[in-house]
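First the structure, in the form of structure tokens, and then the observations on it.
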Amino acid sequence: ETLSPLPAPEFEAFKAYMARVQAAGDNLSFVNDNADMLMLHLTIFRDPLVIDSDGKRVDGTNDTPVQDAIDNYIKGMDFDHKFIPAKLVDELQKVDGVVVPHIDLVKSKYALFPWAGVPPEGLIPEAGYVRIYDPSHLNINFEVWVS
């Protein structure tokens with residue numbers, strides 16, 4: 001399931017509930033916004049016996065195995081936890097046919113703020129979660145691995 005902002009009535013009820021159960025002196029604030037935008041440029045060194053130059057499995061079982069791994073990593077992130085580029089690389093290494101995944105560029109953007117690079121130690125998204133909104137924000141080059 002894809003994360004998204006709460007509908008207004010649910011968000012209002014959540015804030016009211018939290019106001020009742022918060023500890024004395026706590027000053028809670030909440031964000032109910034669209035996900036931070038994520039931009040990724042990757043070079044995937046691939047086994048040509050498993051993944052073709054378009055990133056499709058040669059056996060025809062999956063046309064988007066790398067993109068699926070990216071989506072699964074993003075969807076599997078705990079809300080309000082860091083997006084960590086190295087952990088994305090870990091997930092990409094699990095894809096059959098991916099020999100060496102390399103992140104060439106990773107940036108994020110919240111609301112109307114400008115794009116900013118994501119540091120190696122990761123970032124906690126302002127909205128609590130990230131999403132690749134536009135296909136142009138995911139650029140994957142599939143290169144043959146020569147051993």
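Going by the structure tokens order, chains are called A, B, ..., each with residues numbered from 1, while ligands are numbered from 1 in the order shown.
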
**Asked** as a PyMOL selection string, which residues of segment 55-144 of chain A does DSSP assign to strand (DSSP E)?
**Response** chain A and resi 98-109+116-117+130-131+138-144

**Item:** Test item, alpha helix (DSSP H) assignment across chain A, answer as a PyMOL selection string
**Value:** chain A and resi 8-21+65-76+85-93

Could you save the residues just selected, with C-alpha atoms, as an mmCIF file, in the first residue's frame?
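Contents of selection26.cif, as written:
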```
data_model
loop_
_atom_site.group_PDB
_atom_site.id
_atom_site.type_symbol
_atom_site.label_atom_id
_atom_site.label_comp_id
_atom_site.auth_asym_id
_atom_site.auth_seq_id
_atom_site.Cartn_x
_atom_site.Cartn_y
_atom_site.Cartn_z
ATOM 1 C CA ALA A 8 -9.003 16.005 6.702
ATOM 2 C CA PRO A 9 -11.593 14.440 9.089
ATOM 3 C CA GLU A 10 -9.187 11.652 10.119
ATOM 4 C CA PHE A 11 -6.318 14.091 10.617
ATOM 5 C CA GLU A 12 -8.522 16.347 12.753
ATOM 6 C CA ALA A 13 -9.597 13.357 14.876
ATOM 7 C CA PHE A 14 -5.963 12.234 15.228
ATOM 8 C CA LYS A 15 -4.851 15.673 16.447
ATOM 9 C CA ALA A 16 -7.737 15.787 18.931
ATOM 10 C CA TYR A 17 -6.847 12.338 20.254
ATOM 11 C CA MET A 18 -3.168 13.231 20.621
ATOM 12 C CA ALA A 19 -4.093 16.429 22.481
ATOM 13 C CA ARG A 20 -5.962 14.274 25.015
ATOM 14 C CA VAL A 21 -3.258 11.665 25.541
ATOM 15 C CA PRO A 65 12.803 -5.954 -11.468
ATOM 16 C CA VAL A 66 15.046 -3.037 -10.474
ATOM 17 C CA GLN A 67 12.180 -0.544 -10.336
ATOM 18 C CA ASP A 68 10.184 -3.046 -8.282
ATOM 19 C CA ALA A 69 13.047 -3.319 -5.774
ATOM 20 C CA ILE A 70 13.155 0.484 -5.481
ATOM 21 C CA ASP A 71 9.385 0.644 -4.958
ATOM 22 C CA ASN A 72 9.535 -2.150 -2.367
ATOM 23 C CA TYR A 73 12.307 -0.390 -0.447
ATOM 24 C CA ILE A 74 10.373 2.879 -0.391
ATOM 25 C CA LYS A 75 7.097 1.206 0.581
ATOM 26 C CA GLY A 76 8.862 -0.849 3.253
ATOM 27 C CA PRO A 85 20.965 5.272 0.105
ATOM 28 C CA ALA A 86 23.173 2.354 1.242
ATOM 29 C CA LYS A 87 20.093 0.390 2.308
ATOM 30 C CA LEU A 88 18.587 0.956 -1.137
ATOM 31 C CA VAL A 89 21.811 -0.462 -2.615
ATOM 32 C CA ASP A 90 21.401 -3.473 -0.299
ATOM 33 C CA GLU A 91 17.922 -4.074 -1.732
ATOM 34 C CA LEU A 92 19.119 -3.689 -5.315
ATOM 35 C CA GLN A 93 21.858 -6.264 -4.711
#
```

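By chain and then residue number, the residues within 12 Å of segment 134-137 of chain A are A:Met37, A:Leu38, A:Met39, A:Leu40, A:His41, A:Leu42, A:Gln67, A:Leu105, A:Val106, A:Lys107, A:Ser108, A:Lys109, A:Trp115, A:Arg131, A:Ile132, A:Asn139, A:Ile140, counting only C-alpha atoms and disregarding those fewer than 2 positions away in sequence.
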
**Request:** Measure the distance from atom CA of Met77 of chain A to atom CA of Val130 of chain A in Å and round it to one decimal.
**Result:**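 Separating atom CA of Met77 of chain A from atom CA of Val130 of chain A is a distance of 9.0 Å.
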
**Message:** Restricting the calculation to only C-alpha atoms: of A:Asp36, A:Lys94, A:Arg46, A:Gly60, which residue gets closest to Val118 of chain A?
**Reply:** A:Asp36

**Asked** Nearest to Ile51 of chain A among A:Gln22, A:Asn34, A:Asn27, A:Thr64, with distances taken over only C-alpha atoms: which residue is it?
**Response** A:Thr64

**Prompt:** Nearest to Asp96 of chain A: which of A:Ser147, A:Thr43, A:Thr61, A:Asn141 is it, counting only C-alpha atoms?
**Reply:**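 For Asp96 of chain A, the nearest of the candidates is A:Thr61.
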
**Long-range neighbours of Phe45 of chain A as a PyMOL selection string, 9 Å cut-off, only C-alpha atoms, 2 positions minimum in chain** = chain A and resi 43+47+97-102+141-146

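As for atom CA of Leu28 of chain A and atom CA of Glu126 of chain A, they are spaced 15.2 Å apart.
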